[in-house]
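Written below as structure tokens is the structure these notes are about.
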Protein chains: 2
Amino acid sequence: MALKKIVERQTGVALWRQIADRIRLSISNGDYDATGMVPPETALAQEFGVNRHTVRSALAALAEEGLVRAVQGRGTMIERKDRVSYPISRRTRFSQGLGRQVKDIATRLLSHAEVPASGEVASALAVSPGSLLIELRTVSSGDGRPLSTSVSYYPADCFPRMAEEYSRLGSVTKAFAAHGLDDYVRVSTELVARHADADELSLLRLSPGAIVMEAQSVNADLDGRPVEFSRTRFAADRMKLRIET
Amino acid sequence: MALKKIVERQTGVALWRQIADRIRLSISNGDYDATGMVPPETALAQEFGVNRHTVRSALAALAEEGLVRAVQGRGTMIERKDRVSYPISRRTRFSQGLGRQVKDIATRLLSHAEVPASGEVASALAVSPGSLLIELRTVSSGDGRPLSTSVSYYPADCFPRMAEEYSRLGSVTKAFAAHGLDDYVRVSTELVARHADADELSLLRLSPGAIVMEAQSVNADLDGRPVEFSRTRFAADRMKLRIET
DNA sequence: TATAGTTGTCTAGATCAATAGACATTTTGG
DNA sequence: CCAAAATGTCTATTGATCTAGACAACTATA
């Protein structure tokens with residue numbers, strides 16, 4: 001007899017959403033790999049101790065995400081189960097890290113601006129508050145699925161053409177090189193997980209209640225002078241982070 | 001005029017819970033540090049575009065968590081705003097990492113057992129599948145608040161008294177030392193964020209919909225031989241991870 | 001070609017979430 | 001002491017969520 005998986009009521013999270021989250025997790029854990037299908041609705045309803053209609057709402061949400069596809073008479077098939085692994089190391093480079101896991105990596109520049117350094121960013125970059133920074137906002141996708149969105153800051157005096165070079169070359173590493181900086185290393189990373197806000201939901205095409213992992217990181221040149229501060233938010237159910245110490 | 005912060009309806013996540021999550025985030029971001037109080041209920045209701053009763057439900061949930069305390073006539077005071085920072089490096093040691101951030105660190109041993117190595121754990125520890133491992137389950141708290149729960153595996157032939165030594169000494173590092181292993185280093189860490197399951201909700205005293213960060217890590221002795229595989233789940237809204245590369 | 005097993009659709013009722021308004025109670029400050 | 005501002009409590013109503021049951025439509029297979 002299968003353990004009845006408890007879902008909790010009256011918690012502000014609808015049962016169908018709790019169940020959708022659990023099924024999504026089971027899929028990415030490979031629990032259903034033997035058949036490539038989600039168990040029948042009646043079985044899931046019994047397993048979670050809810051009505052079949054409630055399970056159907058959960059599956060409808062997962063179908064909306066493109067994670068499963070229901071076929072009348074046959075069952076509900078799993079369409080996708082991958083979680084892209086992203087390495088964080090002293091030499092973190094976005095595109096290289098994803099490498100062979102996704103065929104098509106696309107990064108879109110959402111906006112760029114010159115802004116004065118606020119307290120937190122200024123201290124991270126070791127510049128005086130108020131000094132000018134280039135701000136870049138981007139979204140990166142793998143095979144058409146948004147994976148992360150990022151806000152990055154660069155000292156405007158050292159890297160005046162950052163926005164232009166980035167949009168021309170499509171890579172931070174190359175844009176740095178165009179300014180004469182050939183190498184840089186990660187000096188700090190702080191990681192937090194939280195619910196996505198409205199902005200992130202739309203940029204990453206997530207459904208409400210979804211989770212983002214937010215990494216605040218500082219990169220520096222080989223003399224230890226900070227050259228980039230960035231805040232990257234990863235769609236948590238599409239990525240895992242591999243930390244290389 | 002303050003931007004109206006959008007909360008989304010009919011998404012399976014109750015408005016009061018979305019609002020509670022947003023307020024919790026604002027608290028830990030320090031948005032209310034000037035007063036040490038949450039804005040008045042009527043102001044929040046307007047800000048989020050909902051009824052005051054809905055905001056009250058959100059604040060009641062936060063009060064239940066012990067994060068705020070409402071006082072009639074005065075307002076709703078912030079009781080706690082910390083997010084403990086936990087370092088992940090080549091030499092990660094649990095208690096040392098938390099250091100001065102929490103006065104009282106307590107780790108409780110939930111269970112211990114001898115189990116055969118399953119596929120994933122066996123390959124991480126480089127032992128043959130089915131060989132015996134010591135399994136320890138623990139919960140760690142800081143100042144009475146659960147911060148993380150962990151399942152760890154140790155090769156039984158190398159560390160036969162792991163459970164006894166751990167419960168006697170209260171530290172993995174010391175239990176290793178009692179077996180003659182003086183030093184060890186982190187060789188890999190994989191990080192994922194997801195919704196907490198029923199077990200984690202109760203162990204970490206979280207409310208449903210809460211987030212855990214799960215770190216799967218392997219530690220090895222100085223010859224590179226794996227000595228520990230562990231799966232630690234952190235309460236995401238109480239911790240941030242600082243990655244030292 | 002039946003039949004069992006599955007998803008799709010509909011109706012009706014019960015429970016939870018959110019709105020709306022009114023007023024009580026407590027604290028703070030003029 | 002009074003008024004303003006804040007939280008606490010109550011009632012009523014509406015819409016979303018969940019349950020229950022029945023049956024249709026489709027697929028695979030014996």
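Chain labels follow the order of the structure tokens: the first chain is A, the next B, and so on; residue numbering restarts at 1 in every chain, and ligands are counted from 1 in their shown order.
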Excluding C:DA17 and residues on its chain fewer than 3 positions from it, collect all residues at most 12 Å away from it, counting only C-alpha atoms (C1' of nucleotides), and give them as JSON, numbers by chain. {"A": [10, 11, 12, 13, 14], "B": [9, 10, 12, 13, 14, 15, 16, 17, 51, 53, 54, 57], "D": [14, 15, 16, 17]}
Written file, previous selection with N, CA and C atoms (P, O5', C5', C4', C3', O3' and C1' of nucleotides), as a PDB file, in the first residue's frame:
ATOM      1  N   GLN A  10      -6.336  24.590   4.090  1.00  0.00           N
ATOM      2  CA  GLN A  10      -6.499  25.881   4.771  1.00  0.00           C
ATOM      3  C   GLN A  10      -5.172  26.541   5.080  1.00  0.00           C
ATOM      4  N   THR A  11      -4.276  26.476   4.128  1.00  0.00           N
ATOM      5  CA  THR A  11      -2.955  27.037   4.355  1.00  0.00           C
ATOM      6  C   THR A  11      -2.687  28.188   3.412  1.00  0.00           C
ATOM      7  N   GLY A  12      -3.704  28.573   2.622  1.00  0.00           N
ATOM      8  CA  GLY A  12      -3.483  29.650   1.685  1.00  0.00           C
ATOM      9  C   GLY A  12      -2.899  29.177   0.373  1.00  0.00           C
ATOM     10  N   VAL A  13      -2.561  27.899   0.296  1.00  0.00           N
ATOM     11  CA  VAL A  13      -2.108  27.340  -0.971  1.00  0.00           C
ATOM     12  C   VAL A  13      -3.113  26.281  -1.381  1.00  0.00           C
ATOM     13  N   ALA A  14      -3.748  26.489  -2.522  1.00  0.00           N
ATOM     14  CA  ALA A  14      -4.794  25.580  -2.971  1.00  0.00           C
ATOM     15  C   ALA A  14      -4.247  24.166  -3.122  1.00  0.00           C
TER      16      ALA A  14
ATOM     17  N   ARG B   9      -4.517  36.984  -8.756  1.00  0.00           N
ATOM     18  CA  ARG B   9      -5.675  36.240  -8.272  1.00  0.00           C
ATOM     19  C   ARG B   9      -5.847  34.946  -9.058  1.00  0.00           C
ATOM     20  N   GLN B  10      -6.564  34.043  -8.433  1.00  0.00           N
ATOM     21  CA  GLN B  10      -6.939  32.778  -9.089  1.00  0.00           C
ATOM     22  C   GLN B  10      -5.736  31.994  -9.574  1.00  0.00           C
ATOM     23  N   GLY B  12      -4.210  29.788  -7.343  1.00  0.00           N
ATOM     24  CA  GLY B  12      -4.000  28.668  -6.426  1.00  0.00           C
ATOM     25  C   GLY B  12      -3.226  29.082  -5.190  1.00  0.00           C
ATOM     26  N   VAL B  13      -2.745  30.314  -5.170  1.00  0.00           N
ATOM     27  CA  VAL B  13      -2.085  30.827  -3.971  1.00  0.00           C
ATOM     28  C   VAL B  13      -2.929  31.987  -3.459  1.00  0.00           C
ATOM     29  N   ALA B  14      -3.438  31.839  -2.242  1.00  0.00           N
ATOM     30  CA  ALA B  14      -4.339  32.842  -1.679  1.00  0.00           C
ATOM     31  C   ALA B  14      -3.636  34.189  -1.604  1.00  0.00           C
ATOM     32  N   LEU B  15      -4.410  35.253  -1.775  1.00  0.00           N
ATOM     33  CA  LEU B  15      -3.833  36.594  -1.735  1.00  0.00           C
ATOM     34  C   LEU B  15      -3.120  36.838  -0.421  1.00  0.00           C
ATOM     35  N   TRP B  16      -3.753  36.387   0.689  1.00  0.00           N
ATOM     36  CA  TRP B  16      -3.134  36.680   1.990  1.00  0.00           C
ATOM     37  C   TRP B  16      -1.767  36.032   2.091  1.00  0.00           C
ATOM     38  N   ARG B  17      -1.592  34.873   1.438  1.00  0.00           N
ATOM     39  CA  ARG B  17      -0.286  34.222   1.509  1.00  0.00           C
ATOM     40  C   ARG B  17       0.732  34.920   0.625  1.00  0.00           C
ATOM     41  N   ASN B  51      -8.500  44.190   0.291  1.00  0.00           N
ATOM     42  CA  ASN B  51      -9.230  44.603   1.485  1.00  0.00           C
ATOM     43  C   ASN B  51      -8.343  44.499   2.718  1.00  0.00           C
ATOM     44  N   HIS B  53      -9.020  43.237   5.532  1.00  0.00           N
ATOM     45  CA  HIS B  53      -9.114  41.909   6.159  1.00  0.00           C
ATOM     46  C   HIS B  53      -8.107  40.932   5.556  1.00  0.00           C
ATOM     47  N   THR B  54      -7.864  41.093   4.259  1.00  0.00           N
ATOM     48  CA  THR B  54      -6.915  40.208   3.584  1.00  0.00           C
ATOM     49  C   THR B  54      -5.505  40.458   4.112  1.00  0.00           C
ATOM     50  N   SER B  57      -5.107  38.844   7.465  1.00  0.00           N
ATOM     51  CA  SER B  57      -4.801  37.405   7.394  1.00  0.00           C
ATOM     52  C   SER B  57      -3.304  37.198   7.181  1.00  0.00           C
TER      53      SER B  57
ATOM     54  P    DT D  14     -24.708  38.622  -2.704  1.00  0.00           P
ATOM     55  O5'  DT D  14     -23.315  38.369  -3.434  1.00  0.00           O
ATOM     56  C5'  DT D  14     -22.427  39.469  -3.677  1.00  0.00           C
ATOM     57  C4'  DT D  14     -21.063  38.923  -4.040  1.00  0.00           C
ATOM     58  C3'  DT D  14     -21.084  37.860  -5.147  1.00  0.00           C
ATOM     59  O3'  DT D  14     -20.197  38.263  -6.179  1.00  0.00           O
ATOM     60  C1'  DT D  14     -19.806  37.124  -3.293  1.00  0.00           C
ATOM     61  P    DG D  15     -20.195  37.471  -7.595  1.00  0.00           P
ATOM     62  O5'  DG D  15     -18.837  36.649  -7.554  1.00  0.00           O
ATOM     63  C5'  DG D  15     -17.600  37.341  -7.355  1.00  0.00           C
ATOM     64  C4'  DG D  15     -16.526  36.347  -6.978  1.00  0.00           C
ATOM     65  C3'  DG D  15     -16.332  35.205  -7.975  1.00  0.00           C
ATOM     66  O3'  DG D  15     -14.940  35.030  -8.160  1.00  0.00           O
ATOM     67  C1'  DG D  15     -16.687  34.329  -5.829  1.00  0.00           C
ATOM     68  P    DA D  16     -14.358  34.051  -9.317  1.00  0.00           P
ATOM     69  O5'  DA D  16     -13.444  33.010  -8.522  1.00  0.00           O
ATOM     70  C5'  DA D  16     -12.504  33.500  -7.589  1.00  0.00           C
ATOM     71  C4'  DA D  16     -11.953  32.369  -6.750  1.00  0.00           C
ATOM     72  C3'  DA D  16     -11.503  31.117  -7.508  1.00  0.00           C
ATOM     73  O3'  DA D  16     -10.256  30.714  -6.954  1.00  0.00           O
ATOM     74  C1'  DA D  16     -13.105  30.518  -5.865  1.00  0.00           C
ATOM     75  P    DT D  17      -9.446  29.464  -7.511  1.00  0.00           P
ATOM     76  O5'  DT D  17      -9.829  28.291  -6.496  1.00  0.00           O
ATOM     77  C5'  DT D  17      -9.549  28.462  -5.118  1.00  0.00           C
ATOM     78  C4'  DT D  17     -10.083  27.280  -4.337  1.00  0.00           C
ATOM     79  C3'  DT D  17      -9.660  25.904  -4.868  1.00  0.00           C
ATOM     80  O3'  DT D  17      -9.088  25.203  -3.776  1.00  0.00           O
ATOM     81  C1'  DT D  17     -11.974  25.953  -4.441  1.00  0.00           C
TER      82       DT D  17
END
Near stretch 102-116 of chain A, within 9 Å and counting only C-alpha atoms (C1' of nucleotides), which residues show up once chain neighbours fewer than 4 positions away are dropped, as number ranges by chain? A: 84, 95, 98, 122, 129-144, 153, 156, 163, 166-167, 170-171
Identify, on the basis of only C-alpha atoms (C1' of nucleotides), every residue whose closest approach to stretch 6-13 of chain D does not exceed 12 Å; exclude the query and any residue fewer than 5 positions from it along the same chain; express the result as a PyMOL selection string. (chain B and resi 38-43+52-53+56+59-60+69-77) or (chain C and resi 18-28)
Would you write out those residues with C-alpha atoms (C1' of nucleotides), as a CSV table (one decimal), in the first residue's frame?
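Result saved to again.csv:
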chain,number,residue,atom,x,y,z
B,38,VAL,CA,5.3,47.2,9.4
B,39,PRO,CA,3.2,49.9,7.7
B,40,PRO,CA,-0.4,50.2,9.0
B,41,GLU,CA,-2.9,47.7,7.7
B,42,THR,CA,-4.9,50.3,5.7
B,43,ALA,CA,-1.7,51.4,4.0
B,52,ARG,CA,-7.9,45.3,4.9
B,53,HIS,CA,-9.1,41.9,6.2
B,56,ARG,CA,-4.8,41.1,8.4
B,59,LEU,CA,-0.1,39.6,9.2
B,60,ALA,CA,-1.7,36.9,11.3
B,69,ARG,CA,3.8,41.2,16.8
B,70,ALA,CA,0.7,43.4,16.5
B,71,VAL,CA,-0.2,45.8,19.3
B,72,GLN,CA,-3.6,47.3,19.3
B,73,GLY,CA,-3.4,51.1,18.9
B,74,ARG,CA,0.3,51.2,18.1
B,75,GLY,CA,0.9,49.1,15.1
B,76,THR,CA,2.6,45.9,14.0
B,77,MET,CA,6.2,45.6,15.2
C,18,DA,C1',-12.0,37.9,-0.2
C,19,DT,C1',-14.9,42.1,0.0
C,20,DA,C1',-17.6,45.6,2.4
C,21,DG,C1',-19.0,48.1,6.2
C,22,DA,C1',-19.6,49.3,11.0
C,23,DC,C1',-18.0,49.8,15.4
C,24,DA,C1',-15.1,48.7,19.7
C,25,DT,C1',-10.6,49.1,21.9
C,26,DT,C1',-6.1,50.7,22.7
C,27,DT,C1',-2.1,53.9,22.2
C,28,DT,C1',-0.1,58.3,21.1
Once you count only C-alpha atoms (C1' of nucleotides), what closest atom pair and distance in Å to one decimal does each residue of chain D within 8 Å of chain A have, with rows by chain and rising residue number, as CSV?
residue,atom,partner,partner_atom,distance
D:DT17,C1',A:Ala14,CA,7.3
D:DC18,C1',A:Thr54,CA,6.9
D:DT19,C1',A:Asn51,CA,6.3
D:DA25,C1',A:Gln72,CA,7.8
D:DC26,C1',A:Gly73,CA,4.6
D:DT27,C1',A:Gly73,CA,4.6
D:DA28,C1',A:Arg74,CA,7.8
Once you count only C-alpha atoms, which residues of chain A turn out to be within 8 Å of chain B? Could you give them as a compact mmCIF listing (two decimals) with N, CA, C and O atoms, in the first residue's frame?
# COMPACT_ATOMS: atom_id res chain seq x y z
N ILE A 6 0.51 13.44 2.30
CA ILE A 6 -0.36 14.43 2.90
C ILE A 6 -0.24 15.76 2.17
O ILE A 6 0.84 16.24 1.88
N VAL A 7 -1.37 16.36 1.87
CA VAL A 7 -1.41 17.75 1.45
C VAL A 7 -2.22 18.48 2.50
O VAL A 7 -3.18 17.94 3.03
N GLU A 8 -1.84 19.70 2.80
CA GLU A 8 -2.47 20.39 3.91
C GLU A 8 -3.51 21.38 3.42
O GLU A 8 -3.33 22.04 2.41
N THR A 11 -4.28 26.48 4.13
CA THR A 11 -2.96 27.04 4.35
C THR A 11 -2.69 28.19 3.41
O THR A 11 -1.58 28.69 3.36
N GLY A 12 -3.70 28.57 2.62
CA GLY A 12 -3.48 29.65 1.68
C GLY A 12 -2.90 29.18 0.37
O GLY A 12 -2.71 29.96 -0.54
N VAL A 13 -2.56 27.90 0.30
CA VAL A 13 -2.11 27.34 -0.97
C VAL A 13 -3.11 26.28 -1.38
O VAL A 13 -3.32 25.30 -0.65
N ALA A 14 -3.75 26.49 -2.52
CA ALA A 14 -4.79 25.58 -2.97
C ALA A 14 -4.25 24.17 -3.12
O ALA A 14 -3.08 23.98 -3.48
N LEU A 15 -5.09 23.18 -2.83
CA LEU A 15 -4.66 21.79 -2.91
C LEU A 15 -4.12 21.48 -4.30
O LEU A 15 -3.10 20.81 -4.44
N TRP A 16 -4.82 21.95 -5.34
CA TRP A 16 -4.37 21.60 -6.69
C TRP A 16 -2.96 22.12 -6.95
O TRP A 16 -2.17 21.47 -7.63
N ARG A 17 -2.62 23.26 -6.35
CA ARG A 17 -1.27 23.78 -6.57
C ARG A 17 -0.23 23.00 -5.78
O ARG A 17 0.86 22.72 -6.26
N GLN A 18 -0.57 22.62 -4.55
CA GLN A 18 0.35 21.78 -3.77
C GLN A 18 0.63 20.49 -4.52
O GLN A 18 1.77 20.02 -4.59
N ASP A 21 2.84 20.96 -7.51
CA ASP A 21 4.24 21.10 -7.10
C ASP A 21 4.86 19.75 -6.80
O ASP A 21 6.01 19.48 -7.14
N ARG A 22 4.08 18.88 -6.15
CA ARG A 22 4.60 17.55 -5.80
C ARG A 22 4.83 16.70 -7.04
O ARG A 22 5.82 15.98 -7.13
N SER A 89 31.73 28.75 -10.02
CA SER A 89 33.12 28.51 -9.62
C SER A 89 33.87 29.84 -9.65
O SER A 89 33.27 30.89 -9.85
N ARG A 90 35.17 29.77 -9.46
CA ARG A 90 35.97 31.00 -9.53
C ARG A 90 35.94 31.60 -10.91
O ARG A 90 36.11 32.79 -11.08
N ARG A 186 35.43 35.25 -10.08
CA ARG A 186 34.35 35.43 -9.12
C ARG A 186 34.95 35.58 -7.73
O ARG A 186 35.76 34.75 -7.32
N VAL A 187 34.62 36.64 -7.03
CA VAL A 187 35.17 36.78 -5.67
C VAL A 187 34.14 36.50 -4.58
O VAL A 187 34.50 36.10 -3.48
N SER A 188 32.86 36.69 -4.86
CA SER A 188 31.88 36.34 -3.84
C SER A 188 30.53 36.03 -4.48
O SER A 188 30.19 36.57 -5.54
N THR A 189 29.81 35.15 -3.85
CA THR A 189 28.47 34.80 -4.30
C THR A 189 27.61 34.58 -3.07
O THR A 189 28.01 33.86 -2.15
N GLU A 190 26.46 35.23 -3.05
CA GLU A 190 25.50 34.97 -1.98
C GLU A 190 24.21 34.47 -2.58
O GLU A 190 23.74 35.01 -3.58
N LEU A 191 23.65 33.45 -1.97
CA LEU A 191 22.51 32.77 -2.57
C LEU A 191 21.33 32.78 -1.66
O LEU A 191 21.44 32.49 -0.46
N VAL A 192 20.18 33.08 -2.22
CA VAL A 192 18.94 33.12 -1.47
C VAL A 192 17.87 32.49 -2.34
O VAL A 192 17.95 32.57 -3.56
N ALA A 193 16.91 31.80 -1.72
CA ALA A 193 15.76 31.30 -2.49
C ALA A 193 14.50 31.94 -1.94
O ALA A 193 14.36 32.07 -0.73
N ARG A 194 13.61 32.33 -2.84
CA ARG A 194 12.38 32.99 -2.40
C ARG A 194 11.33 32.87 -3.49
O ARG A 194 11.62 32.41 -4.59
N HIS A 195 10.12 33.30 -3.18
CA HIS A 195 9.08 33.30 -4.18
C HIS A 195 9.35 34.41 -5.21
O HIS A 195 9.84 35.47 -4.85
N ALA A 198 6.27 39.71 -9.17
CA ALA A 198 5.48 39.83 -10.39
C ALA A 198 6.37 39.99 -11.63
O ALA A 198 6.12 39.37 -12.67
N SER A 207 4.73 30.36 -13.20
CA SER A 207 3.39 30.47 -12.63
C SER A 207 3.51 30.90 -11.18
O SER A 207 4.47 30.56 -10.49
N PRO A 208 2.54 31.69 -10.69
CA PRO A 208 2.62 32.28 -9.36
C PRO A 208 2.91 31.23 -8.29
O PRO A 208 2.42 30.11 -8.37
N GLY A 209 3.65 31.62 -7.30
CA GLY A 209 4.06 30.67 -6.27
C GLY A 209 5.39 30.02 -6.62
O GLY A 209 5.98 29.33 -5.82
N ILE A 211 9.40 29.54 -7.55
CA ILE A 211 10.57 29.88 -6.75
C ILE A 211 11.69 30.39 -7.65
O ILE A 211 11.87 29.89 -8.75
N VAL A 212 12.40 31.42 -7.19
CA VAL A 212 13.64 31.81 -7.84
C VAL A 212 14.80 31.67 -6.85
O VAL A 212 14.63 31.84 -5.65
N MET A 213 15.96 31.30 -7.39
CA MET A 213 17.19 31.36 -6.62
C MET A 213 17.89 32.64 -7.05
O MET A 213 18.09 32.86 -8.24
N ALA A 236 13.89 28.32 -10.37
CA ALA A 236 14.38 27.22 -9.54
C ALA A 236 13.98 25.85 -10.05
O ALA A 236 14.73 24.89 -9.91
N ASP A 237 12.81 25.75 -10.69
CA ASP A 237 12.41 24.40 -11.09
C ASP A 237 12.99 24.01 -12.45
O ASP A 237 12.69 22.94 -12.97
N MET A 239 16.48 24.70 -12.97
CA MET A 239 17.93 24.75 -12.83
C MET A 239 18.36 24.10 -11.52
O MET A 239 17.64 24.10 -10.54
N LYS A 240 19.58 23.58 -11.52
CA LYS A 240 20.26 23.33 -10.26
C LYS A 240 21.63 23.97 -10.34
O LYS A 240 22.18 24.14 -11.44
N LEU A 241 22.17 24.36 -9.22
CA LEU A 241 23.47 25.01 -9.21
C LEU A 241 24.51 24.03 -8.71
O LEU A 241 24.30 23.35 -7.71
N ARG A 242 25.62 23.94 -9.43
CA ARG A 242 26.70 23.07 -9.00
C ARG A 242 27.83 23.95 -8.52
O ARG A 242 28.39 24.74 -9.29
N ILE A 243 28.14 23.84 -7.25
CA ILE A 243 29.12 24.73 -6.65
C ILE A 243 30.48 24.07 -6.66
O ILE A 243 30.65 22.98 -6.11
N GLU A 244 31.42 24.73 -7.29
CA GLU A 244 32.77 24.15 -7.40
C GLU A 244 33.70 24.97 -6.53
O GLU A 244 33.96 26.13 -6.85
N THR A 245 34.13 24.37 -5.45
CA THR A 245 34.93 25.12 -4.47
C THR A 245 36.41 24.88 -4.69
O THR A 245 36.80 23.99 -5.40
Using only C-alpha atoms (C1' of nucleotides), which chain C residues lie at most 8 Å away from chain A, written as a list in words? DG5, DT6, DT7, DG8 and DC16 of chain C
Please produce an output containing all heavy atoms for each residue in the selection, written as a tab-separated table (two decimals), in the first residue's frame.
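Full text of out.tsv as output:
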chain	number	residue	atom	x	y	z
C	5	DG	P	-9.48	-2.68	-15.24
C	5	DG	OP1	-8.42	-3.38	-14.48
C	5	DG	OP2	-10.77	-2.30	-14.61
C	5	DG	O5'	-8.85	-1.37	-15.86
C	5	DG	C5'	-7.76	-1.49	-16.77
C	5	DG	C4'	-7.46	-0.15	-17.39
C	5	DG	O4'	-8.48	0.18	-18.36
C	5	DG	C3'	-7.46	1.01	-16.38
C	5	DG	O3'	-6.30	1.80	-16.58
C	5	DG	C2'	-8.71	1.79	-16.72
C	5	DG	C1'	-8.83	1.54	-18.22
C	5	DG	N9	-10.16	1.74	-18.76
C	5	DG	C8	-11.36	1.31	-18.23
C	5	DG	N7	-12.39	1.66	-18.95
C	5	DG	C5	-11.84	2.38	-20.00
C	5	DG	C6	-12.47	3.02	-21.10
C	5	DG	O6	-13.67	3.08	-21.36
C	5	DG	N1	-11.54	3.63	-21.93
C	5	DG	C2	-10.18	3.62	-21.73
C	5	DG	N2	-9.44	4.26	-22.64
C	5	DG	N3	-9.57	3.04	-20.71
C	5	DG	C4	-10.47	2.44	-19.89
C	6	DT	P	-5.86	2.86	-15.47
C	6	DT	OP1	-4.41	2.70	-15.29
C	6	DT	OP2	-6.77	2.73	-14.32
C	6	DT	O5'	-6.15	4.27	-16.14
C	6	DT	C5'	-5.38	4.68	-17.25
C	6	DT	C4'	-6.14	5.61	-18.13
C	6	DT	O4'	-7.44	5.05	-18.47
C	6	DT	C3'	-6.54	6.95	-17.52
C	6	DT	O3'	-5.46	7.85	-17.57
C	6	DT	C2'	-7.66	7.39	-18.45
C	6	DT	C1'	-8.16	6.09	-19.07
C	6	DT	N1	-9.62	5.87	-18.87
C	6	DT	C2	-10.49	6.39	-19.80
C	6	DT	O2	-10.12	7.04	-20.76
C	6	DT	N3	-11.81	6.14	-19.54
C	6	DT	C4	-12.34	5.42	-18.49
C	6	DT	O4	-13.55	5.27	-18.37
C	6	DT	C5	-11.38	4.91	-17.56
C	6	DT	C7	-11.84	4.12	-16.36
C	6	DT	C6	-10.07	5.14	-17.78
C	7	DT	P	-5.64	9.30	-16.88
C	7	DT	OP1	-4.28	9.85	-16.77
C	7	DT	OP2	-6.47	9.12	-15.69
C	7	DT	O5'	-6.47	10.16	-17.93
C	7	DT	C5'	-5.88	10.52	-19.17
C	7	DT	C4'	-6.91	11.17	-20.07
C	7	DT	O4'	-8.13	10.39	-20.07
C	7	DT	C3'	-7.33	12.59	-19.68
C	7	DT	O3'	-7.45	13.38	-20.85
C	7	DT	C2'	-8.66	12.38	-19.00
C	7	DT	C1'	-9.22	11.23	-19.83
C	7	DT	N1	-10.27	10.46	-19.13
C	7	DT	C2	-11.52	10.36	-19.68
C	7	DT	O2	-11.82	10.90	-20.72
C	7	DT	N3	-12.41	9.63	-18.94
C	7	DT	C4	-12.18	8.99	-17.74
C	7	DT	O4	-13.07	8.34	-17.18
C	7	DT	C5	-10.84	9.12	-17.22
C	7	DT	C7	-10.48	8.47	-15.94
C	7	DT	C6	-9.96	9.84	-17.93
C	8	DG	P	-7.96	14.92	-20.73
C	8	DG	OP1	-7.36	15.69	-21.84
C	8	DG	OP2	-7.74	15.36	-19.34
C	8	DG	O5'	-9.53	14.83	-20.98
C	8	DG	C5'	-10.01	14.69	-22.32
C	8	DG	C4'	-11.48	15.08	-22.40
C	8	DG	O4'	-12.27	14.11	-21.66
C	8	DG	C3'	-11.82	16.45	-21.81
C	8	DG	O3'	-12.71	17.13	-22.69
C	8	DG	C2'	-12.47	16.11	-20.48
C	8	DG	C1'	-13.14	14.78	-20.77
C	8	DG	N9	-13.28	13.92	-19.59
C	8	DG	C8	-12.29	13.53	-18.72
C	8	DG	N7	-12.72	12.76	-17.76
C	8	DG	C5	-14.08	12.63	-18.01
C	8	DG	C6	-15.08	11.90	-17.29
C	8	DG	O6	-14.96	11.23	-16.28
C	8	DG	N1	-16.33	12.04	-17.90
C	8	DG	C2	-16.58	12.78	-19.03
C	8	DG	N2	-17.84	12.79	-19.45
C	8	DG	N3	-15.66	13.45	-19.71
C	8	DG	C4	-14.44	13.33	-19.13
C	16	DC	P	-13.59	24.80	5.54
C	16	DC	OP1	-12.54	23.97	6.14
C	16	DC	OP2	-14.56	25.52	6.37
C	16	DC	O5'	-12.87	25.86	4.59
C	16	DC	C5'	-11.99	25.39	3.58
C	16	DC	C4'	-11.57	26.53	2.67
C	16	DC	O4'	-12.73	27.04	1.97
C	16	DC	C3'	-10.93	27.73	3.38
C	16	DC	O3'	-9.78	28.08	2.63
C	16	DC	C2'	-12.03	28.79	3.32
C	16	DC	C1'	-12.71	28.45	2.01
C	16	DC	N1	-14.13	28.89	1.86
C	16	DC	C2	-14.50	29.63	0.73
C	16	DC	O2	-13.64	29.90	-0.11
C	16	DC	N3	-15.79	30.01	0.60
C	16	DC	C4	-16.68	29.69	1.53
C	16	DC	N4	-17.95	30.08	1.34
C	16	DC	C5	-16.33	28.93	2.69
C	16	DC	C6	-15.04	28.56	2.82
Could you pull out all residues of stretch 88-234 of chain B with a DSSP call of strand (DSSP E) and give them as JSON, numbers by chain? {"B": [88, 105, 106, 107, 108, 109, 110, 111, 112, 113, 114, 115, 116, 132, 133, 134, 135, 136, 137, 138, 139, 140, 141, 142, 145, 146, 147, 148, 149, 150, 151, 152, 153, 154, 155, 184, 185, 186, 187, 188, 189, 190, 191, 192, 193, 194, 195, 211, 212, 213, 214, 215, 216, 217, 218, 219, 220, 221, 226, 227, 228, 229, 230, 231, 232, 233, 234]}
Using DSSP on the backbone coordinates, identify all residues within stretch 23-241 of chain A classified as alpha helix (DSSP H); present the result as a ChimeraX atom specification. /A:23-29,41-48,52-64,94-98,119-125,162-169,172-178,198-203
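Across the model, the gap from atom CA of B:Ser28 to atom CA of B:Leu204 is 18.7 Å.
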Skip A:Cys158 itself and residues of its chain fewer than 5 positions away, then list as a short mmCIF file (atom, residue, chain, number, x, y, z; two decimals) with N, CA, C and O atoms, in the first residue's frame all residues within 10 Å of it, counting only C-alpha atoms (C1' of nucleotides).
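Final file, result-v4.cif:
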data_model
loop_
_atom_site.label_atom_id
_atom_site.label_comp_id
_atom_site.auth_asym_id
_atom_site.auth_seq_id
_atom_site.Cartn_x
_atom_site.Cartn_y
_atom_site.Cartn_z
N LEU A 133 27.56 54.13 -12.93
CA LEU A 133 27.69 52.72 -13.30
C LEU A 133 26.85 52.47 -14.56
O LEU A 133 25.86 53.15 -14.80
N PHE A 176 34.11 42.68 -21.91
CA PHE A 176 35.26 43.02 -21.07
C PHE A 176 36.53 43.05 -21.93
O PHE A 176 37.34 43.97 -21.84
N HIS A 179 37.27 46.01 -23.79
CA HIS A 179 37.79 47.12 -22.99
C HIS A 179 39.21 46.84 -22.50
O HIS A 179 39.73 47.55 -21.65
N GLY A 180 39.76 45.74 -22.97
CA GLY A 180 41.12 45.42 -22.59
C GLY A 180 41.27 44.57 -21.35
O GLY A 180 42.36 44.36 -20.83
N LEU A 181 40.14 44.03 -20.85
CA LEU A 181 40.20 43.15 -19.68
C LEU A 181 40.09 41.71 -20.17
O LEU A 181 39.03 41.30 -20.64
N VAL A 227 34.97 44.43 -10.89
CA VAL A 227 34.60 44.94 -12.21
C VAL A 227 33.11 44.73 -12.51
O VAL A 227 32.58 45.35 -13.42
#
